[in-house]
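Below: query.cif (mmCIF, C-alpha atoms)
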```cif
data_work
loop_
_atom_site.label_atom_id
_atom_site.label_comp_id
_atom_site.auth_asym_id
_atom_site.auth_seq_id
_atom_site.Cartn_x
_atom_site.Cartn_y
_atom_site.Cartn_z
CA MET A 1361 -7.50 35.69 -16.32
CA SER A 1362 -9.09 33.01 -14.14
CA ASN A 1363 -5.65 31.49 -13.61
CA LEU A 1364 -4.32 34.79 -12.23
CA TYR A 1365 -7.46 35.37 -10.15
CA LEU A 1366 -7.39 31.96 -8.50
CA HIS A 1367 -3.68 32.30 -7.78
CA TYR A 1368 -4.60 34.83 -5.10
CA VAL A 1369 -8.07 33.59 -4.20
CA LEU A 1370 -7.07 29.94 -3.81
CA ASP A 1371 -3.38 29.10 -4.18
CA LEU A 1372 -1.89 31.64 -1.77
CA TRP A 1373 -4.77 31.34 0.68
CA PHE A 1374 -4.25 27.59 0.85
CA GLU A 1375 -0.46 27.84 1.24
CA ARG A 1376 -0.43 30.62 3.84
CA MET A 1377 -3.70 30.26 5.73
CA VAL A 1378 -4.75 26.62 5.48
CA LYS A 1379 -1.81 24.19 5.35
CA ASN A 1380 -0.25 25.18 8.65
CA ARG A 1381 -3.58 24.73 10.49
CA LEU A 1382 -4.25 21.18 9.38
CA ARG A 1383 -3.68 18.03 11.36
CA GLY A 1384 -1.90 16.19 8.54
CA GLU A 1385 -0.26 16.67 5.18
CA ALA A 1386 -2.13 18.49 2.43
CA ARG A 1387 -1.33 19.59 -1.11
CA LEU A 1388 -3.07 21.62 -3.79
CA VAL A 1389 -2.71 20.94 -7.51
CA ARG A 1390 -4.51 23.35 -9.85
CA TYR A 1391 -4.76 24.00 -13.57
CA ILE A 1392 -6.72 27.17 -14.41
CA ASP A 1393 -10.08 26.61 -12.64
CA ASP A 1394 -9.73 22.85 -12.13
CA PHE A 1395 -7.97 21.66 -8.98
CA VAL A 1396 -7.57 18.92 -6.44
CA ILE A 1397 -6.62 19.34 -2.79
CA CYS A 1398 -5.20 16.19 -1.20
CA PHE A 1399 -5.36 15.55 2.52
CA GLN A 1400 -3.93 12.94 4.80
CA TYR A 1401 -6.97 12.97 7.07
CA ARG A 1402 -10.68 13.07 6.32
CA SER A 1403 -11.36 15.50 9.17
CA ASP A 1404 -9.07 18.06 7.51
CA ALA A 1405 -10.91 17.72 4.21
CA ILE A 1406 -14.30 18.31 5.86
CA ARG A 1407 -13.03 21.51 7.50
CA VAL A 1408 -11.46 22.84 4.32
CA GLN A 1409 -14.50 21.91 2.25
CA GLU A 1410 -16.66 24.34 4.20
CA ALA A 1411 -13.91 26.97 4.47
CA LEU A 1412 -13.42 26.76 0.71
CA ARG A 1413 -17.07 27.57 0.06
CA LEU A 1414 -16.82 30.60 2.33
CA ARG A 1415 -13.56 31.69 0.74
CA LEU A 1416 -14.90 31.49 -2.81
CA GLY A 1417 -18.14 33.15 -1.74
CA LYS A 1418 -16.21 36.24 -0.62
CA PHE A 1419 -15.17 36.74 -4.24
CA GLY A 1420 -18.51 35.87 -5.83
CA LEU A 1421 -17.41 32.34 -6.78
CA THR A 1422 -19.04 28.97 -6.10
CA LEU A 1423 -18.27 25.30 -6.62
CA GLU A 1424 -20.42 23.73 -9.34
CA PRO A 1425 -22.65 21.23 -7.44
CA THR A 1426 -23.10 18.93 -10.43
CA LYS A 1427 -19.34 18.70 -10.88
CA THR A 1428 -18.45 18.22 -7.24
CA LYS A 1429 -17.83 14.76 -5.87
CA LEU A 1430 -16.40 13.24 -2.72
CA VAL A 1431 -14.86 9.82 -3.31
CA GLU A 1432 -12.75 7.34 -1.44
CA PHE A 1433 -9.66 6.83 -3.54
CA GLY A 1434 -6.19 5.48 -2.91
CA ARG A 1435 -4.29 2.46 -1.75
CA PHE A 1436 -6.87 1.52 0.88
CA ALA A 1437 -9.97 2.23 -1.20
CA GLN A 1438 -10.26 -1.29 -2.62
CA ARG A 1439 -10.19 -2.76 0.87
CA HIS A 1440 -13.15 -0.63 1.99
CA ALA A 1441 -15.18 -0.58 -1.23
CA GLY A 1442 -17.19 -3.60 -0.06
CA LYS A 1443 -18.28 -1.75 3.07
CA HIS A 1444 -20.21 0.66 0.87
CA GLY A 1445 -21.70 -2.02 -1.38
CA ARG A 1446 -19.29 -1.47 -4.27
CA LYS A 1447 -17.17 -4.05 -6.06
CA ARG A 1448 -14.41 -1.54 -6.78
CA PRO A 1449 -13.42 1.99 -5.70
CA GLU A 1450 -14.99 4.97 -7.43
CA THR A 1451 -13.19 6.76 -10.23
CA ILE A 1452 -12.23 10.42 -10.65
CA TYR A 1453 -12.47 12.47 -13.84
CA PHE A 1454 -9.45 14.65 -14.60
CA LEU A 1455 -9.67 16.86 -17.69
CA GLY A 1456 -10.86 14.13 -20.00
CA LEU A 1457 -9.12 11.29 -18.17
CA THR A 1458 -10.63 8.73 -15.83
CA LEU A 1459 -8.42 7.99 -12.83
CA TYR A 1460 -8.93 4.65 -11.13
CA CYS A 1461 -7.28 2.47 -8.50
CA THR A 1462 -5.10 -0.35 -9.81
CA ARG A 1463 -1.80 -2.10 -9.16
CA ASN A 1464 1.48 -2.34 -11.01
CA GLN A 1465 3.30 -5.53 -11.94
CA LYS A 1466 4.87 -5.68 -8.48
CA GLY A 1467 1.46 -5.58 -6.84
CA ASN A 1468 1.84 -2.05 -5.49
CA PHE A 1469 -0.89 0.55 -5.73
CA LYS A 1470 -0.84 3.00 -8.60
CA VAL A 1471 -3.24 5.46 -10.21
CA GLY A 1472 -4.50 4.08 -13.51
CA MET A 1473 -5.54 6.48 -16.27
CA ARG A 1474 -7.69 6.06 -19.34
CA THR A 1475 -9.66 8.33 -21.66
CA GLU A 1476 -13.03 9.32 -20.22
CA LYS A 1477 -15.83 7.59 -22.14
CA SER A 1478 -17.65 10.80 -23.09
CA ARG A 1479 -14.40 12.35 -24.36
CA LEU A 1480 -13.59 9.21 -26.31
CA ARG A 1481 -17.01 9.26 -27.93
CA ARG A 1482 -16.66 12.97 -28.72
CA SER A 1483 -13.24 12.44 -30.30
CA LEU A 1484 -14.56 9.63 -32.52
CA LEU A 1485 -17.53 11.70 -33.66
CA SER A 1486 -15.23 14.61 -34.45
CA LEU A 1487 -12.93 12.39 -36.51
CA GLN A 1488 -15.86 10.87 -38.37
CA GLU A 1489 -17.16 14.33 -39.25
CA LEU A 1490 -13.70 15.33 -40.50
CA MET A 1491 -13.46 12.26 -42.73
CA ARG A 1492 -16.90 12.96 -44.19
CA GLN A 1493 -15.87 16.51 -45.02
CA ILE A 1494 -12.59 15.58 -46.71
CA ARG A 1495 -13.58 12.32 -48.42
CA HIS A 1496 -13.26 13.87 -51.90
CA TYR A 1497 -9.78 15.27 -51.22
CA ALA A 1498 -6.73 13.58 -52.71
CA ILE A 1499 -5.86 10.56 -50.59
CA GLY A 1500 -2.53 12.05 -49.56
CA ASP A 1501 -4.27 15.22 -48.34
CA GLN A 1502 -6.80 13.14 -46.43
CA VAL A 1503 -4.02 11.27 -44.65
CA ASP A 1504 -2.34 14.56 -43.68
CA GLU A 1505 -5.60 15.94 -42.25
CA ILE A 1506 -6.45 12.77 -40.33
CA ASN A 1507 -2.93 12.33 -38.97
CA ALA A 1508 -2.85 15.93 -37.73
CA VAL A 1509 -5.93 15.26 -35.60
CA LEU A 1510 -4.64 11.85 -34.44
CA ARG A 1511 -1.31 13.40 -33.46
CA GLY A 1512 -3.06 15.92 -31.23
CA HIS A 1513 -5.27 13.22 -29.69
CA TYR A 1514 -2.29 10.96 -28.95
CA ALA A 1515 -0.31 13.85 -27.48
CA TYR A 1516 -3.07 14.72 -25.01
CA TYR A 1517 -4.29 11.26 -24.04
CA GLY A 1518 -0.99 9.41 -24.44
CA VAL A 1519 -0.45 8.72 -20.74
CA ALA A 1520 0.94 5.51 -19.30
CA GLY A 1521 -1.68 2.75 -19.24
CA ASN A 1522 -3.99 4.38 -21.79
CA LEU A 1523 -2.70 2.62 -24.90
CA ARG A 1524 -5.88 0.53 -25.24
CA CYS A 1525 -8.05 3.65 -25.66
CA LEU A 1526 -5.60 5.12 -28.17
CA VAL A 1527 -5.67 1.90 -30.20
CA LYS A 1528 -9.47 1.96 -30.07
CA VAL A 1529 -9.42 5.40 -31.72
CA TYR A 1530 -6.92 4.24 -34.33
CA ARG A 1531 -8.98 1.15 -35.23
CA ALA A 1532 -12.19 3.19 -35.45
CA VAL A 1533 -10.51 5.71 -37.76
CA GLU A 1534 -9.08 2.88 -39.83
CA ARG A 1535 -12.52 1.33 -40.39
CA TYR A 1536 -14.35 4.59 -40.97
CA TRP A 1537 -11.78 5.92 -43.44
CA LYS A 1538 -12.22 2.81 -45.58
CA ARG A 1539 -15.95 3.37 -45.46
CA MET A 1540 -15.49 6.98 -46.63
CA LEU A 1541 -13.16 5.91 -49.46
CA CYS A 1542 -15.77 3.42 -50.59
CA SER A 1543 -18.43 6.14 -50.66
CA ARG A 1544 -16.46 8.46 -52.97
CA SER A 1545 -17.87 6.89 -56.14
CA TRP A 1546 -19.47 3.76 -57.57
CA ALA A 1547 -16.03 2.44 -58.42
CA GLY A 1548 -14.96 3.04 -54.81
CA ARG A 1549 -17.42 0.41 -53.63
CA ARG A 1550 -15.11 -2.23 -55.07
CA LEU A 1551 -12.33 -1.20 -52.68
CA THR A 1552 -11.30 -4.38 -50.86
CA TRP A 1553 -9.38 -4.62 -47.61
CA GLU A 1554 -6.38 -5.86 -49.58
CA LYS A 1555 -6.33 -2.73 -51.76
CA TYR A 1556 -7.09 -0.56 -48.75
CA ASN A 1557 -4.11 -2.00 -46.88
CA GLN A 1558 -1.93 -1.23 -49.90
CA ILE A 1559 -3.06 2.40 -49.70
CA LYS A 1560 -2.24 2.48 -45.99
CA ALA A 1561 1.18 0.96 -46.65
CA ARG A 1562 2.00 3.84 -49.02
CA MET A 1563 0.36 6.55 -46.89
CA PRO A 1564 -0.01 5.17 -43.34
CA LEU A 1565 -2.29 6.49 -40.67
CA LEU A 1566 -0.48 7.57 -37.53
CA LYS A 1567 -0.35 4.76 -34.95
CA PRO A 1568 -0.47 5.49 -31.22
CA LYS A 1569 2.54 5.47 -28.92
CA GLN A 1570 2.63 5.88 -25.17
CA GLY A 1571 3.56 9.39 -24.07
CA CYS A 1572 2.89 11.99 -21.43
CA SER A 1573 0.29 14.69 -21.10
CA THR A 1574 -0.71 17.45 -18.78
CA LEU A 1575 -2.87 16.19 -15.94
CA CYS A 1576 -5.09 18.27 -13.71
CA THR A 1577 -8.20 17.80 -11.66
CA GLU A 1578 -11.79 18.89 -11.51
CA VAL A 1579 -13.71 19.63 -8.31
CA HIS A 1580 -16.74 17.45 -7.60
CA ARG A 1581 -19.01 17.05 -4.58
CA GLU A 1582 -21.93 14.61 -4.67
CA GLU A 1583 -21.65 12.16 -1.80
CA ARG A 1584 -19.41 11.57 1.18
CA PHE A 1585 -18.03 8.17 2.00
CA GLU A 1586 -16.62 7.00 5.27
CA ALA A 1587 -12.89 6.43 5.35
CA SER A 1588 -10.27 5.28 7.78
CA GLU A 1589 -8.14 8.02 9.34
CA ARG A 1590 -5.25 6.44 7.48
CA HIS A 1591 -6.86 7.36 4.16
CA GLY A 1592 -6.10 10.54 2.29
CA VAL A 1593 -8.78 13.08 1.44
CA ALA A 1594 -9.05 15.50 -1.46
CA ILE A 1595 -11.17 18.44 -2.49
CA LEU A 1596 -11.42 18.59 -6.27
CA SER A 1597 -12.45 21.74 -8.20
CA ASP A 1598 -15.03 20.80 -10.73
CA GLY A 1599 -14.77 18.63 -6.73
CA VAL A 1600 -14.12 16.88 -3.40
CA GLY A 1601 -12.74 13.38 -2.73
CA LEU A 1602 -10.85 11.02 -0.46
CA ILE A 1603 -7.36 10.49 -1.83
CA ASP A 1604 -3.88 9.71 -0.63
CA PRO A 1605 -1.82 12.84 -1.34
CA GLN A 1606 1.09 10.87 -2.72
CA ASP A 1607 -1.18 8.89 -5.05
CA ILE A 1608 -2.47 11.90 -6.96
CA VAL A 1609 0.31 14.40 -6.48
CA GLY A 1610 2.91 11.90 -7.58
CA GLU A 1611 1.06 11.39 -10.85
CA ALA A 1612 -0.14 14.91 -11.54
CA ALA A 1613 1.89 17.52 -9.72
CA HIS A 1614 4.74 17.38 -12.23
CA SER A 1615 2.33 18.56 -14.92
CA CYS A 1616 0.99 21.63 -13.11
CA GLU A 1617 2.66 24.78 -11.82
CA ASP A 1618 3.54 24.81 -8.13
CA ALA A 1619 1.60 27.46 -6.26
CA GLY A 1620 3.83 30.38 -5.28
CA ILE A 1621 4.05 31.90 -1.82
CA SER A 1622 3.62 35.68 -1.75
CA PRO A 1623 1.42 38.21 0.12
CA ASP A 1624 -2.09 36.84 0.46
CA ALA A 1625 -5.19 38.65 -0.74
CA GLY A 1626 -6.83 37.89 2.59
CA GLY A 1627 -9.08 35.14 3.86
CA VAL A 1628 -9.85 33.28 7.05
CA PHE A 1629 -9.61 29.58 7.82
CA ALA A 1630 -10.94 28.38 11.16
#
```
Written as structure tokens, how would this file's structure read?
Amino acid sequence: MSNLYLHYVLDLWFERMVKNRLRGEARLVRYIDDFVICFQYRSDAIRVQEALRLRLGKFGLTLEPTKTKLVEFGRFAQRHAGKHGRKRPETIYFLGLTLYCTRNQKGNFKVGMRTEKSRLRRSLLSLQELMRQIRHYAIGDQVDEINAVLRGHYAYYGVAGNLRCLVKVYRAVERYWKRMLCSRSWAGRRLTWEKYNQIKARMPLLKPKQGCSTLCTEVHREERFEASERHGVAILSDGVGLIDPQDIVGEAAHSCEDAGISPDAGGVFA
């Protein structure tokens, strides 16, 4: 329902009323009630930030202050991080993923992605609870249950550059499952790593592989940072940030539906 509502309240308003009044390029990427608006110029982002509050207010909606953040992010962010007393650019949280500034093997800028720490911790706790609940199942049934959860985790977080976090989950599950097998009985306490590895060889735990997942943004607004006019700017829903449009849209737009253009539900942008 919120997806349909925001299609008219936000998507069409932005496409028909906002984009053609901006100084530079701008794009909106949204998934349900999480979105990011990317701007070429900071001045455009400041104007839209206020207009967005007014627009949402007309429909009884507000941006969540604790989940709203304005950050400098993009290919020039590293260069200016020192001006604000930071060693590196700030990061952005996208539906369980942390987006950060990095470079590829050719030295060009790219958006790095890894599992957000709180989500990683939550996933590990959930897996540990599952293994406690099923520790008296047949070993084959335990493996099926654990692998089903791991498969879902890998499918969601299996984005390029996030293999280290996936391996961290696999290793944690590997250690904790042995601990649960040892706790099944007094005899289980004699389970050595050699015997445990034999069990895994017959019934292996699912290992991570790099893949793709849906990527969207949250809107945040906490602080505003100065940026060169050459920087991009973005308003994120669960927030607001400074981003190069190509940096984020190139990574995320393919995973979200393009906003359609049809009669607007109204709205004013000045």
To one decimal in Å, tell me the separation between CA of Asp1501 in chain A and CA of Leu1523 in chain A.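 Separating CA of Asp1501 in chain A from CA of Leu1523 in chain A is a distance of 26.7 Å.
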The PyMOL selection byres ((chain A and resi 1558-1567) around 12) - which residues does that actually catch in the file I just gave you? List them as a count of residues only. 44
Taking the file as shown, find all residues satisfying the PyMOL selection byres ((chain A and resi 1480-1483) around 10) and write them as a VMD selection string. chain A and resid 1456 to 1457 1474 to 1479 1484 to 1489 1509 to 1510 1513 1517 1525 to 1526 1528 to 1529
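Across the model, the gap from CA of Asp1393 in chain A to CA of Leu1366 in chain A is 7.3 Å.
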Quick one: residues within 12 Å of Ser1362 in chain A, all atoms listed in the file counted, chain neighbours fewer than 3 positions away excluded, as a ChimeraX atom specification? /A:1365-1370,1390-1394,1421
